[in-house]
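Visitor: Below is the file upload01.txt, which contains compact mmCIF, C-alpha atoms.
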# COMPACT_ATOMS: atom_id res chain seq x y z
CA MET A 1 -20.74 117.37 -24.82
CA ARG A 2 -17.13 116.19 -24.52
CA ASP A 3 -16.31 119.12 -22.21
CA LEU A 4 -19.28 118.35 -19.96
CA LEU A 5 -18.33 114.68 -19.76
CA ILE A 6 -14.74 115.44 -18.76
CA LEU A 7 -15.78 118.12 -16.29
CA GLY A 8 -18.41 115.83 -14.79
CA MET A 9 -15.92 113.00 -14.30
CA VAL A 10 -13.38 115.30 -12.67
CA VAL A 11 -15.96 116.90 -10.35
CA LEU A 12 -17.29 113.50 -9.27
CA GLY A 13 -13.74 112.29 -8.69
CA CYS A 14 -12.92 115.38 -6.61
CA LEU A 15 -16.02 114.93 -4.47
CA ALA A 16 -15.11 111.28 -3.88
CA ALA A 17 -11.55 112.33 -3.02
CA LEU A 18 -12.76 114.38 -0.06
CA ARG A 19 -13.80 111.15 1.63
CA ARG A 20 -11.37 108.74 -0.02
CA PRO A 21 -8.36 110.84 -1.04
CA TRP A 22 -6.69 107.94 -2.84
CA ILE A 23 -9.34 108.41 -5.55
CA GLY A 24 -8.01 111.94 -6.01
CA VAL A 25 -4.59 110.45 -6.76
CA MET A 26 -6.20 108.41 -9.55
CA VAL A 27 -7.95 111.47 -10.99
CA TRP A 28 -4.70 113.45 -10.92
CA THR A 29 -2.78 110.60 -12.56
CA TRP A 30 -5.40 110.26 -15.29
CA LEU A 31 -5.33 113.98 -16.04
CA SER A 32 -1.54 114.21 -15.89
CA ILE A 33 -0.78 111.26 -18.17
CA MET A 34 -3.70 111.18 -20.60
CA ASN A 35 -4.53 114.91 -20.64
CA PRO A 36 -8.14 114.20 -21.75
CA HIS A 37 -9.05 117.89 -21.48
CA ARG A 38 -6.65 118.62 -24.35
CA TYR A 39 -9.02 116.75 -26.63
CA ALA A 40 -11.91 119.04 -25.71
CA TYR A 41 -12.82 122.23 -27.55
CA GLY A 42 -14.52 124.36 -24.93
CA ILE A 43 -14.24 125.25 -21.27
CA ALA A 44 -12.54 122.00 -20.28
CA TYR A 45 -9.49 122.67 -22.49
CA ASP A 46 -7.99 125.37 -20.24
CA ALA A 47 -9.86 124.59 -17.02
CA PRO A 48 -7.55 123.97 -14.00
CA LEU A 49 -8.69 120.37 -13.69
CA ALA A 50 -5.40 119.02 -12.35
CA ALA A 51 -5.34 121.76 -9.71
CA MET A 52 -8.90 120.83 -8.71
CA ALA A 53 -7.91 117.17 -8.34
CA ALA A 54 -4.81 118.08 -6.32
CA ALA A 55 -6.75 120.42 -4.03
CA ALA A 56 -9.46 117.83 -3.36
CA THR A 57 -6.81 115.19 -2.66
CA LEU A 58 -4.97 117.42 -0.20
CA LEU A 59 -8.22 118.28 1.61
CA GLY A 60 -9.01 114.60 1.84
CA LEU A 61 -5.50 113.91 3.07
CA LEU A 62 -5.98 116.36 5.93
CA MET A 63 -9.23 114.71 6.98
CA THR A 64 -8.35 111.05 6.63
CA LYS A 65 -6.54 108.85 9.12
CA GLU A 66 -5.47 106.45 6.38
CA ARG A 67 -2.20 108.14 5.56
CA ALA A 68 1.40 107.26 6.23
CA SER A 69 4.91 108.53 5.60
CA PRO A 70 5.70 108.64 1.88
CA PHE A 71 9.26 107.48 2.55
CA LYS A 72 8.48 103.79 2.21
CA GLY A 73 11.71 102.82 0.53
CA SER A 74 15.02 104.09 -0.82
CA PRO A 75 13.53 105.23 -4.18
CA ALA A 76 11.32 107.74 -2.35
CA VAL A 77 14.29 109.06 -0.36
CA ILE A 78 16.40 109.48 -3.49
CA LEU A 79 13.52 111.16 -5.33
CA CYS A 80 13.27 113.65 -2.46
CA LEU A 81 17.00 114.29 -2.72
CA PHE A 82 16.61 114.80 -6.47
CA CYS A 83 13.88 117.37 -5.88
CA VAL A 84 16.09 119.25 -3.42
CA TRP A 85 19.01 119.25 -5.86
CA MET A 86 16.82 120.39 -8.77
CA THR A 87 15.63 123.29 -6.63
CA ILE A 88 19.21 124.26 -5.76
CA SER A 89 20.17 124.01 -9.43
CA TRP A 90 17.20 126.13 -10.44
CA LEU A 91 17.94 128.86 -7.88
CA ALA A 92 21.64 128.90 -8.81
CA GLY A 93 20.87 128.74 -12.53
CA LEU A 94 21.23 131.34 -15.23
CA SER A 95 17.62 132.51 -15.20
CA PRO A 96 15.51 131.43 -12.19
CA GLU A 97 12.63 133.72 -13.17
CA ALA A 98 12.35 132.34 -16.69
CA ASP A 99 12.70 128.75 -15.44
CA TYR A 100 10.14 129.10 -12.66
CA GLU A 101 7.26 127.69 -14.69
CA GLN A 102 9.14 124.51 -15.54
CA TRP A 103 10.43 124.11 -11.97
CA SER A 104 6.89 124.53 -10.67
CA LYS A 105 5.55 121.95 -13.13
CA VAL A 106 8.19 119.38 -12.19
CA MET A 107 7.76 119.97 -8.45
CA LYS A 108 3.97 119.59 -8.68
CA ILE A 109 4.38 116.24 -10.40
CA ASN A 110 6.86 114.98 -7.82
CA PHE A 111 4.80 116.37 -4.95
CA MET A 112 1.83 114.30 -6.11
CA ILE A 113 4.11 111.26 -6.36
CA PHE A 114 4.83 111.69 -2.65
CA ILE A 115 1.11 112.17 -1.95
CA ALA A 116 0.46 108.90 -3.78
CA LEU A 117 3.07 107.13 -1.64
CA SER A 118 1.44 108.58 1.46
CA LEU A 119 -2.13 107.55 0.61
CA LEU A 120 -1.77 104.28 -1.30
CA SER A 121 -0.97 101.03 0.45
CA THR A 122 -3.34 98.16 -0.38
CA LYS A 123 -3.52 95.79 -3.32
CA GLN A 124 -6.69 97.60 -4.39
CA HIS A 125 -4.79 100.90 -4.51
CA THR A 126 -1.87 99.39 -6.42
CA MET A 127 -4.09 97.70 -9.00
CA ALA A 128 -6.14 100.86 -9.43
CA LEU A 129 -3.00 102.90 -10.13
CA ALA A 130 -1.81 100.28 -12.63
CA TRP A 131 -5.17 100.40 -14.43
CA VAL A 132 -5.18 104.21 -14.56
CA CYS A 133 -1.61 104.44 -15.87
CA ALA A 134 -2.04 101.68 -18.44
CA LEU A 135 -5.45 102.71 -19.78
CA SER A 136 -4.64 106.43 -19.85
CA LEU A 137 -2.12 105.64 -22.57
CA GLY A 138 -3.74 102.44 -23.83
CA VAL A 139 -6.84 104.26 -25.01
CA LEU A 140 -4.75 106.86 -26.85
CA GLY A 141 -2.56 104.11 -28.25
CA ALA A 142 -5.57 102.17 -29.52
CA LYS A 143 -6.81 105.29 -31.27
CA GLY A 144 -3.38 105.94 -32.76
CA GLY A 145 -2.99 102.30 -33.78
CA VAL A 146 -6.28 102.31 -35.68
CA PHE A 147 -5.17 105.52 -37.41
CA THR A 148 -1.80 103.99 -38.35
CA ILE A 149 -3.35 100.83 -39.79
CA SER A 150 -6.15 102.66 -41.61
CA THR A 151 -3.70 105.06 -43.28
CA GLY A 152 -1.10 102.42 -44.04
CA GLY A 153 1.38 104.21 -41.80
CA SER A 154 1.45 107.26 -44.05
CA GLY A 155 0.21 109.60 -41.30
CA ARG A 156 2.20 110.44 -38.19
CA VAL A 157 0.76 109.86 -34.70
CA TRP A 158 1.08 112.66 -32.12
CA GLY A 159 0.46 112.84 -28.39
CA PRO A 160 -1.95 114.99 -26.35
CA PRO A 161 -1.48 118.69 -27.25
CA GLY A 162 0.30 120.82 -24.66
CA SER A 163 1.56 117.85 -22.64
CA PHE A 164 4.95 116.30 -21.87
CA ILE A 165 4.26 113.75 -24.60
CA ALA A 166 2.78 116.01 -27.29
CA ASP A 167 5.74 115.38 -29.59
CA ASN A 168 5.65 112.18 -31.65
CA ASN A 169 8.95 110.92 -30.18
CA GLU A 170 7.96 111.34 -26.54
CA PHE A 171 4.48 109.94 -27.17
CA ALA A 172 6.01 106.84 -28.77
CA LEU A 173 8.14 106.11 -25.72
CA ALA A 174 5.16 106.58 -23.38
CA LEU A 175 3.12 104.10 -25.44
CA ILE A 176 5.96 101.58 -25.39
CA MET A 177 6.22 101.86 -21.61
CA SER A 178 2.49 101.25 -21.27
CA ILE A 179 2.57 97.90 -23.12
CA PRO A 180 4.19 95.94 -20.22
CA LEU A 181 1.67 97.49 -17.81
CA LEU A 182 -1.19 96.34 -20.04
CA ARG A 183 0.40 92.89 -20.11
CA PHE A 184 0.57 92.87 -16.30
CA LEU A 185 -3.14 93.65 -16.09
CA GLN A 186 -3.93 90.98 -18.66
CA LEU A 187 -2.20 88.38 -16.48
CA GLN A 188 -4.38 89.32 -13.50
CA VAL A 189 -7.87 89.35 -15.02
CA LYS A 190 -9.91 86.19 -15.53
CA ASP A 191 -12.56 87.41 -17.94
CA ALA A 192 -11.73 86.22 -21.49
CA LEU A 193 -13.26 89.28 -23.17
CA VAL A 194 -11.17 91.66 -21.06
CA ARG A 195 -8.01 89.65 -21.72
CA HIS A 196 -8.60 89.72 -25.49
CA THR A 197 -9.37 93.45 -25.36
CA LEU A 198 -6.09 94.10 -23.57
CA THR A 199 -4.24 91.98 -26.16
CA LEU A 200 -5.74 94.07 -28.95
CA MET A 201 -4.86 97.26 -27.08
CA MET A 202 -1.22 96.18 -26.72
CA LEU A 203 -0.97 95.46 -30.45
CA LEU A 204 -2.56 98.80 -31.33
CA CYS A 205 -0.21 100.64 -28.94
CA ALA A 206 2.74 99.01 -30.70
CA ALA A 207 1.29 100.00 -34.08
CA ALA A 208 0.77 103.57 -32.85
CA ALA A 209 4.36 103.71 -31.57
CA LEU A 210 5.60 102.69 -35.00
CA GLY A 211 3.17 105.18 -36.53
CA THR A 212 4.88 108.03 -34.71
CA GLN A 213 7.86 107.33 -36.98
CA SER A 214 10.17 107.81 -34.01
CA ARG A 215 13.59 106.20 -34.36
CA GLY A 216 14.07 106.34 -30.59
CA ALA A 217 10.85 104.36 -30.22
CA LEU A 218 12.17 101.64 -32.51
CA ILE A 219 15.26 101.34 -30.33
CA ALA A 220 13.15 101.26 -27.16
CA ILE A 221 10.71 98.62 -28.36
CA SER A 222 13.57 96.51 -29.73
CA ALA A 223 15.43 96.62 -26.40
CA MET A 224 12.23 95.86 -24.52
CA SER A 225 11.44 92.90 -26.78
CA VAL A 226 14.94 91.44 -26.33
CA PHE A 227 14.68 91.79 -22.54
CA LEU A 228 11.21 90.22 -22.54
CA TRP A 229 12.52 87.32 -24.61
CA TRP A 230 15.51 86.88 -22.32
CA ARG A 231 13.28 86.83 -19.24
CA GLY A 232 10.75 84.43 -20.80
CA LYS A 233 10.61 80.81 -19.69
CA SER A 234 10.07 79.41 -23.20
CA LYS A 235 12.51 81.39 -25.31
CA ALA A 236 11.72 79.58 -28.55
CA VAL A 237 7.98 80.23 -28.31
CA MET A 238 8.52 83.79 -27.10
CA GLY A 239 10.97 84.48 -29.92
CA VAL A 240 8.56 83.21 -32.58
CA MET A 241 5.73 85.31 -31.11
CA ILE A 242 7.83 88.48 -31.06
CA VAL A 243 9.00 87.94 -34.65
CA CYS A 244 5.47 87.24 -35.88
CA VAL A 245 4.05 90.35 -34.19
CA ALA A 246 6.90 92.47 -35.54
CA ILE A 247 6.41 91.21 -39.09
CA GLY A 248 2.66 91.68 -38.83
CA LEU A 249 3.01 95.28 -37.70
CA LEU A 250 5.78 96.22 -40.12
CA THR A 251 3.74 95.07 -43.11
CA PHE A 252 1.48 98.10 -42.55
CA MET A 253 4.34 100.60 -42.66
CA PRO A 254 5.12 102.45 -45.91
CA GLU A 255 8.50 102.68 -47.60
CA THR A 256 9.02 106.18 -46.21
CA TRP A 257 8.94 104.69 -42.69
CA PHE A 258 11.75 102.26 -43.53
CA ASP A 259 13.71 105.06 -45.16
CA ARG A 260 13.46 107.09 -41.95
CA MET A 261 14.50 104.14 -39.76
CA ASN A 262 17.48 103.47 -42.02
CA THR A 263 18.87 106.91 -41.17
CA ILE A 264 19.83 105.50 -37.75
CA GLY A 265 22.93 104.07 -39.42
CA GLU A 266 23.53 107.23 -41.46
CA TYR A 267 23.50 109.75 -38.62
CA GLN A 268 26.33 111.81 -40.10
CA GLN A 269 24.00 112.99 -42.85
CA ASP A 270 20.99 113.45 -40.56
CA ASP A 271 20.46 116.98 -39.22
CA SER A 272 18.33 115.72 -36.34
CA ALA A 273 20.99 113.26 -35.17
CA MET A 274 23.77 115.84 -35.47
CA GLY A 275 21.59 118.27 -33.51
CA ARG A 276 21.47 115.71 -30.73
CA PHE A 277 25.26 115.37 -30.73
CA SER A 278 25.53 119.14 -30.56
CA ALA A 279 23.18 119.26 -27.57
CA TRP A 280 25.06 116.45 -25.83
CA TRP A 281 28.39 118.26 -26.22
CA ASN A 282 26.69 121.35 -24.86
CA ALA A 283 25.39 119.46 -21.82
CA TRP A 284 28.83 117.97 -21.16
CA GLY A 285 30.49 121.37 -21.31
CA ILE A 286 27.88 122.90 -19.02
CA ALA A 287 28.39 120.15 -16.43
CA LEU A 288 32.15 120.73 -16.46
CA HIS A 289 31.86 124.49 -15.98
CA TYR A 290 28.68 124.77 -13.87
CA PRO A 291 28.84 122.28 -10.96
CA LEU A 292 25.32 123.21 -9.84
CA GLY A 293 23.90 123.18 -13.37
CA VAL A 294 22.19 126.04 -15.17
CA GLY A 295 18.55 125.35 -14.29
CA PHE A 296 15.84 123.92 -16.50
CA ASN A 297 16.94 125.48 -19.78
CA ALA A 298 20.30 124.44 -21.21
CA ALA A 299 19.26 125.13 -24.81
CA ARG A 300 20.80 128.60 -24.97
CA ALA A 301 22.71 129.96 -27.95
CA GLU A 302 25.42 131.47 -25.75
CA LEU A 303 26.07 128.08 -24.14
CA PHE A 304 26.11 126.22 -27.45
CA ALA A 305 28.59 128.77 -28.77
CA LEU A 306 30.91 127.95 -25.87
CA TYR A 307 30.57 124.18 -25.57
CA SER A 308 29.30 122.66 -28.84
CA PRO A 309 31.84 122.07 -31.64
CA TYR A 310 28.95 121.88 -34.13
CA PHE A 311 27.43 125.26 -33.35
CA GLN A 312 29.80 127.28 -35.53
CA THR A 313 28.79 125.34 -38.64
CA THR A 314 25.09 124.78 -37.93
CA GLY A 315 24.23 127.79 -35.79
CA SER A 316 21.29 125.85 -34.39
CA VAL A 317 20.23 125.20 -30.79
CA HIS A 318 18.59 121.91 -29.83
CA ALA A 319 16.99 120.35 -26.78
CA ALA A 320 19.01 117.48 -25.30
CA HIS A 321 16.77 114.69 -26.64
CA SER A 322 18.13 112.40 -23.93
CA ILE A 323 17.01 111.92 -20.36
CA TYR A 324 20.65 111.59 -19.32
CA PHE A 325 22.05 114.63 -21.10
CA GLN A 326 18.95 116.64 -20.23
CA VAL A 327 19.59 116.09 -16.52
CA LEU A 328 23.35 116.54 -17.00
CA GLY A 329 22.92 119.90 -18.71
CA ASN A 330 20.20 121.12 -16.37
CA HIS A 331 21.58 119.91 -13.02
CA GLY A 332 25.21 118.92 -13.51
CA PHE A 333 27.05 115.72 -12.64
CA ILE A 334 25.55 115.55 -9.16
CA GLY A 335 22.04 115.80 -10.56
CA LEU A 336 22.78 113.04 -13.09
CA PHE A 337 24.27 110.85 -10.35
CA ILE A 338 21.12 111.20 -8.23
CA PHE A 339 18.90 110.57 -11.28
CA LEU A 340 20.76 107.38 -12.15
CA ALA A 341 20.76 106.26 -8.52
CA LEU A 342 16.97 106.61 -8.44
CA TRP A 343 16.50 104.13 -11.28
CA ILE A 344 19.20 101.76 -10.04
CA VAL A 345 17.55 101.39 -6.64
CA THR A 346 14.11 101.13 -8.28
CA TRP A 347 15.41 98.31 -10.48
CA ARG A 348 16.93 96.55 -7.48
CA MET A 349 13.68 96.92 -5.56
CA ALA A 350 11.89 95.14 -8.40
CA ALA A 351 14.47 92.33 -8.17
CA ARG A 352 13.96 92.03 -4.40
CA LEU A 353 10.19 92.06 -4.85
CA ARG A 354 10.36 89.23 -7.35
CA LYS A 355 12.53 87.20 -4.99
CA SER A 356 10.51 87.84 -1.82
CA ALA A 357 7.12 87.18 -3.47
CA LYS A 358 8.21 84.02 -5.28
CA GLY A 359 6.47 80.94 -3.93
CA VAL A 360 3.71 82.89 -2.16
CA PRO A 361 0.41 82.18 -3.99
CA GLU A 362 -1.25 85.34 -2.70
CA ALA A 363 1.67 87.44 -3.93
CA ALA A 364 1.93 85.94 -7.43
CA TRP A 365 0.71 89.25 -8.85
CA CYS A 366 3.71 90.99 -7.31
CA VAL A 367 6.09 88.75 -9.24
CA ASP A 368 4.29 89.68 -12.46
CA LEU A 369 4.41 93.35 -11.52
CA ALA A 370 8.13 93.26 -10.73
CA ASN A 371 8.96 91.52 -14.01
CA LEU A 372 6.86 93.77 -16.23
CA CYS A 373 7.80 97.00 -14.48
CA GLN A 374 11.40 96.11 -15.23
CA VAL A 375 10.44 95.57 -18.88
CA SER A 376 8.80 99.00 -18.87
CA LEU A 377 11.91 100.55 -17.32
CA VAL A 378 14.11 98.95 -19.99
CA GLY A 379 12.01 100.75 -22.59
CA TYR A 380 12.34 104.03 -20.69
CA LEU A 381 16.07 103.81 -19.97
CA CYS A 382 16.97 102.72 -23.52
CA GLY A 383 14.52 104.86 -25.49
CA GLY A 384 15.07 107.75 -23.11
CA ALA A 385 18.70 107.91 -24.22
CA PHE A 386 17.36 109.67 -27.32
CA LEU A 387 14.33 111.50 -25.92
CA SER A 388 13.75 114.32 -23.40
CA LEU A 389 11.43 112.73 -20.85
CA SER A 390 13.37 113.12 -17.61
CA TYR A 391 10.43 114.65 -15.72
CA PHE A 392 7.47 112.75 -17.23
CA ASP A 393 5.09 111.17 -14.70
CA LEU A 394 4.88 107.59 -15.95
CA PRO A 395 8.35 106.30 -14.94
CA TYR A 396 7.81 107.70 -11.46
CA ASN A 397 4.41 106.02 -11.29
CA VAL A 398 6.12 102.74 -12.18
CA MET A 399 8.43 103.41 -9.24
CA VAL A 400 5.38 103.96 -7.01
CA LEU A 401 3.86 100.64 -8.13
CA LEU A 402 7.02 98.79 -7.18
CA VAL A 403 7.35 100.54 -3.81
CA LEU A 404 3.73 99.79 -2.92
CA ALA A 405 3.98 96.13 -3.92
CA HIS A 406 7.28 95.73 -2.07
CA GLN A 407 5.74 97.14 1.11
CA TRP A 408 2.65 94.96 0.63
CA VAL A 409 4.76 91.79 0.54
CA LYS A 410 7.03 92.97 3.34
CA ARG A 411 4.13 93.32 5.78
CA GLU A 412 2.38 90.16 4.46
CA ALA A 413 -0.74 92.18 3.80
CA TRP A 414 -2.65 89.23 2.33
CA LYS A 415 -3.15 88.02 5.91
CA THR A 416 -5.16 91.10 6.87
CA GLU A 417 -6.69 92.47 3.66
CA PRO A 418 -10.06 91.15 2.46
CA VAL A 419 -10.14 88.40 -0.16
CA TYR A 420 -11.80 89.49 -3.40
CA ASN A 421 -13.69 86.86 -5.34
CA GLY A 422 -16.58 88.70 -7.04
CA ARG A 423 -16.98 89.12 -10.79
CA MET A 424 -15.99 92.79 -10.73
CA HIS A 425 -12.89 91.91 -8.73
CA ASN A 426 -12.05 89.27 -11.34
CA LEU A 427 -12.38 91.90 -14.06
CA LEU A 428 -10.05 94.29 -12.22
CA GLY A 429 -7.49 91.65 -11.28
CA LEU A 430 -8.17 91.96 -7.56
CA ALA A 431 -9.22 88.35 -7.00
CA PRO A 432 -6.39 86.02 -5.96
CA ARG A 433 -5.10 83.61 -8.57
CA LEU A 434 -5.36 80.71 -6.15
CA ALA A 435 -8.42 81.35 -4.01
CA LYS A 436 -7.87 78.13 -2.06
CA GLY A 437 -4.55 79.39 -0.79
CA ALA A 438 -5.96 82.68 0.41
CA PRO A 439 -6.61 83.18 4.11
Represent the supplied structure as C-alpha cells.
Guide:
Amino acid sequence: MRDLLILGMVVLGCLAALRRPWIGVMVWTWLSIMNPHRYAYGIAYDAPLAAMAAAATLLGLLMTKERASPFKGSPAVILCLFCVWMTISWLAGLSPEADYEQWSKVMKINFMIFIALSLLSTKQHTMALAWVCALSLGVLGAKGGVFTISTGGSGRVWGPPGSFIADNNEFALALIMSIPLLRFLQLQVKDALVRHTLTLMMLLCAAAALGTQSRGALIAISAMSVFLWWRGKSKAVMGVMIVCVAIGLLTFMPETWFDRMNTIGEYQQDDSAMGRFSAWWNAWGIALHYPLGVGFNAARAELFALYSPYFQTTGSVHAAHSIYFQVLGNHGFIGLFIFLALWIVTWRMAARLRKSAKGVPEAAWCVDLANLCQVSLVGYLCGGAFLSLSYFDLPYNVMVLLVLAHQWVKREAWKTEPVYNGRMHNLLGLAPRLAKGAP
C-alpha cells in the first residue's frame, strides 16, 4: 500500500509537471530531500522516481514559455563555476572511473538547482519550495522526535536509508537546518491550528536532532540558537524561551547522551575525533600537493600514509567529516575558495534582501525569509565544520529561496502578481500580511 501511494503521488506529480514544470521541481525536491521511497518495501524502493520527476520537468521545460535564465544572481554564477571546477577536479583526479557515480550524483543535484532557478519566479513558487523543503524534513523529524521522547532518548535516530543524510550525524544537521524554515512558514500562516502544528513540529525536530546523539548537531543548534537570540528584538524574552525549550528537551535525554556530549572536551581520548583530525591533515596535505584536487574520494590509505601524522599509529582511514575539509581534499584550495565564496555571496544576498524589503508591507515575508535563511545557514556552516554534507541539496535550496525572493523584490512583483486572500492561501502563507496595503 505504501509503495502504491508513493508511486501514485510521483506519477500524478510528473503528469502535472508536463503542463506546469515548476511542479516537477517540487516533486524532485521532495524525493531528493525526504527520500520517501526508502521507507517502502516493494517496487517503489528501487524505482527511478527521481529520474521520472527530472524527465517530466525537462519535458515541461521544453514546452513552456514560462522559463528564464537561471543566472539570476551571483550565487548562481558561482555555483556554476563550482560545478565546472568539480568536473575538472574529477577528470584530473586519481580515479575518474571509480568517482563517476559520485560526480554524476552531485551534478544531477546541481543541474536541478539550475532548473529550479529557471522555472521558479513568483511568490507562489517560492512559498511552495519552502513548504516542500521544510515539511520533507519536518515530517521525518516529528517521527524521530516522538521516538526520542517515547524511548527516553535511549534509542538513536537515523535518516532515510541510502540517502545523503542516512547517517545520524548528517540527519541531525538537516533537521536543525529545517527548524528555521518551519519557523518562517509559521510566521506566514494565519490559521491557529497550522501555527500550533508547526510549533510542535519544530520542537519534535529539535528532539530528534538531540536523539541522533550527534555532537556536531549540538554545536550547530547551539550556534543557531545564539544567532537567533542575537537577531531577536526582545533578547530577554528570546533568551528565556531558548533556555526553557533547551531544558525541556534535555530532561528527556539519558545519562549516556550527556556522557557522549562531554567527550567534546575530551577529544584526545576519542577515536572519532582523532579520526577527524587525521582526515583533516590528509585533506590539507592533498591540497598542498594536488592543486586540482584528487576527485571525489580523498579517503585513500595511500594518501593518509603520506599526509596524516596519525595514520602510522591508528592505521585507519576516515571521511573528512567537515564540509570545508571535504571540499579541500576533493577539489583543492581553489575548490574550497569557490565553495566559501558561494556561501559568502548567499549570505550577503540575504542581507540585501532584508534591507530592500524592509518597510514594504507586501514584502514583509521576504524579510522573514532572509532572517531565517541566515539562521539556517548558521546551522549549516557551523555544524558542517564537523560533518560531510558539502553536496547535500538543502543548503542549495536555501540559496534558491533567497535568490527568488531577492529577484521578486527587485522587480516589485507585488504590483503585478495576483493578491491571495482565500482560506487556502492563508493556510499556505500566500495571503499578504496587510491586505489593505496590497495593490
Visitor: Do you know which residues are at most 7 Å from stretch 395-407 of chain A counting all atoms listed in the file, after dropping those on the same chain fewer than 4 positions away, and could you put them as a CSV table (one decimal) with C-alpha atoms, in the coordinates of the input?
Guide:
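part09.csv, written as the output of this step:
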chain,number,residue,atom,x,y,z
A,72,LYS,CA,8.5,103.8,2.2
A,73,GLY,CA,11.7,102.8,0.5
A,117,LEU,CA,3.1,107.1,-1.6
A,121,SER,CA,-1.0,101.0,0.4
A,126,THR,CA,-1.9,99.4,-6.4
A,346,THR,CA,14.1,101.1,-8.3
A,350,ALA,CA,11.9,95.1,-8.4
A,353,LEU,CA,10.2,92.1,-4.8
A,366,CYS,CA,3.7,91.0,-7.3
A,370,ALA,CA,8.1,93.3,-10.7
A,373,CYS,CA,7.8,97.0,-14.5
A,411,ARG,CA,4.1,93.3,5.8
Visitor: For A:Leu389, work out the shell of residues within 9 Å, counting only C-alpha atoms and skipping chain neighbours fewer than 3 positions away, then give it as a PyMOL selection string.
Guide: chain A and resi 164-165+170+173+321-323+326+380+384+392-393
Visitor: Determine the nearest neighbour of A:Ala53 from the options A:Leu15, A:Ala351, A:Met177, A:Ala134, counting all atoms listed in the file.
Guide: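 Using all atoms listed in the file, the shortest distance to A:Ala53 belongs to A:Leu15.
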Visitor: Using only C-alpha atoms, list the residues that have an atom at most 9 Å from (1.5, 119.6, -11.5), coordinates as in the file, as a list in words.
Guide: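 The answer, in the requested form, is Trp28, Ser32, Ala50, Ala51, Ala54, Ser104, Lys105, Val106, Met107, Lys108, Ile109, Asn110, Phe111 and Met112 of chain A.
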Visitor: One decimal, Å: what's the distance from atom CA of A:Leu369 over to atom CA of A:Val226, could you say?
Guide: 18.3 Å
Visitor: Counting all atoms listed in the file, which residue out of A:Leu342, A:Val27, A:Met224, A:Ile247 sits closest to A:Leu377?
Guide: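 Nearest candidate to A:Leu377 out of A:Leu342, A:Val27, A:Met224, A:Ile247: A:Met224.
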Visitor: Would you mind telling me which residue in A:Ile219, A:Ala55, A:Leu79, A:Met34 lies nearest to A:Cys382 when using all atoms listed in the file?
Guide: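 Smallest distance to A:Cys382 is found for A:Ile219.
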Visitor: Choose the residue, out of A:Ala208, A:Ile33, A:Met241, A:Phe114, that has the smallest atom-to-atom separation from A:Val77; count all atoms listed in the file.
Guide: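 Looking only at the distances to A:Val77, the closest residue turns out to be A:Phe114.
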Visitor: What does the distance from atom CA of A:Gly145 to atom CA of A:Ala207 come to in Å, to one decimal?
Guide: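 Separation between atom CA of A:Gly145 and atom CA of A:Ala207: 4.9 Å.
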Visitor: Mind running stretch 140-215 of chain A against stretch 415-433 of chain A at 12 Å and telling me each contacting residue's nearest atom pair with the distance in Å (one decimal), counting only C-alpha atoms, chain and number ascending, as a Markdown table?
Guide:
| residue | atom | partner | partner_atom | distance |
| --- | --- | --- | --- | --- |
| A:Leu182 | CA | A:Gly429 | CA | 11.8 |
| A:Arg183 | CA | A:Gly429 | CA | 11.9 |
| A:Phe184 | CA | A:Gly429 | CA | 9.6 |
| A:Leu185 | CA | A:Gly429 | CA | 6.8 |
| A:Gln186 | CA | A:Gly429 | CA | 8.2 |
| A:Leu187 | CA | A:Gly429 | CA | 8.1 |
| A:Gln188 | CA | A:Gly429 | CA | 4.5 |
| A:Val189 | CA | A:Gly429 | CA | 4.4 |
| A:Lys190 | CA | A:Asn426 | CA | 5.6 |
| A:Asp191 | CA | A:Leu427 | CA | 5.9 |
| A:Ala192 | CA | A:Leu427 | CA | 9.4 |
| A:Leu193 | CA | A:Leu427 | CA | 9.5 |
| A:Val194 | CA | A:Leu427 | CA | 7.1 |
| A:Arg195 | CA | A:Leu427 | CA | 9.1 |
| A:Thr197 | CA | A:Leu427 | CA | 11.8 |
| A:Leu198 | CA | A:Leu427 | CA | 11.6 |
Visitor: Can you tell me how far atom CA of A:Ile78 sits from atom CA of A:Ala341, in Å to one decimal?
Guide: 7.4 Å
Visitor: Pick from A:Gly141, A:Gly93, A:Gly248, A:Gly211: nearest to A:Pro291, with only C-alpha atoms counted?
Guide: A:Gly93
Visitor: So, counting all atoms listed in the file, which residue among A:Ala363, A:Leu5, A:Leu119, A:Ala166 is closest to A:Arg20?
Guide: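 Among the listed residues, A:Leu119 lies closest to A:Arg20.
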Visitor: Write out as an NGL selection string which residues come within 10 Å of A:Leu228 when counting all atoms listed in the file, dropping same-chain ones fewer than 5 positions away.
Guide: :A and (180 or 222-223 or 233 or 235 or 238-239 or 242 or 371-372 or 374-376 or 378)
Visitor: Find the residues around A:Ile23 up to 9 Å (all atoms listed in the file counted), leave out those fewer than 4 positions away in its own chain, and share them as a PyMOL selection string.
Guide: chain A and resi 13-14+16-19+27-28+57+125
Visitor: Would you kindly return, as a list in words, each protein, DNA or RNA residue with an atom no farther than 8 Å from any atom of A:Gly329, considering only C-alpha atoms and excluding same-chain residues fewer than 4 positions away?
Guide: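 These residues fall inside the cut-off: Asn282, Ala283, Trp284, Ile286, Ala287, Gly293, Val294, Ala298 and Phe325 of chain A.
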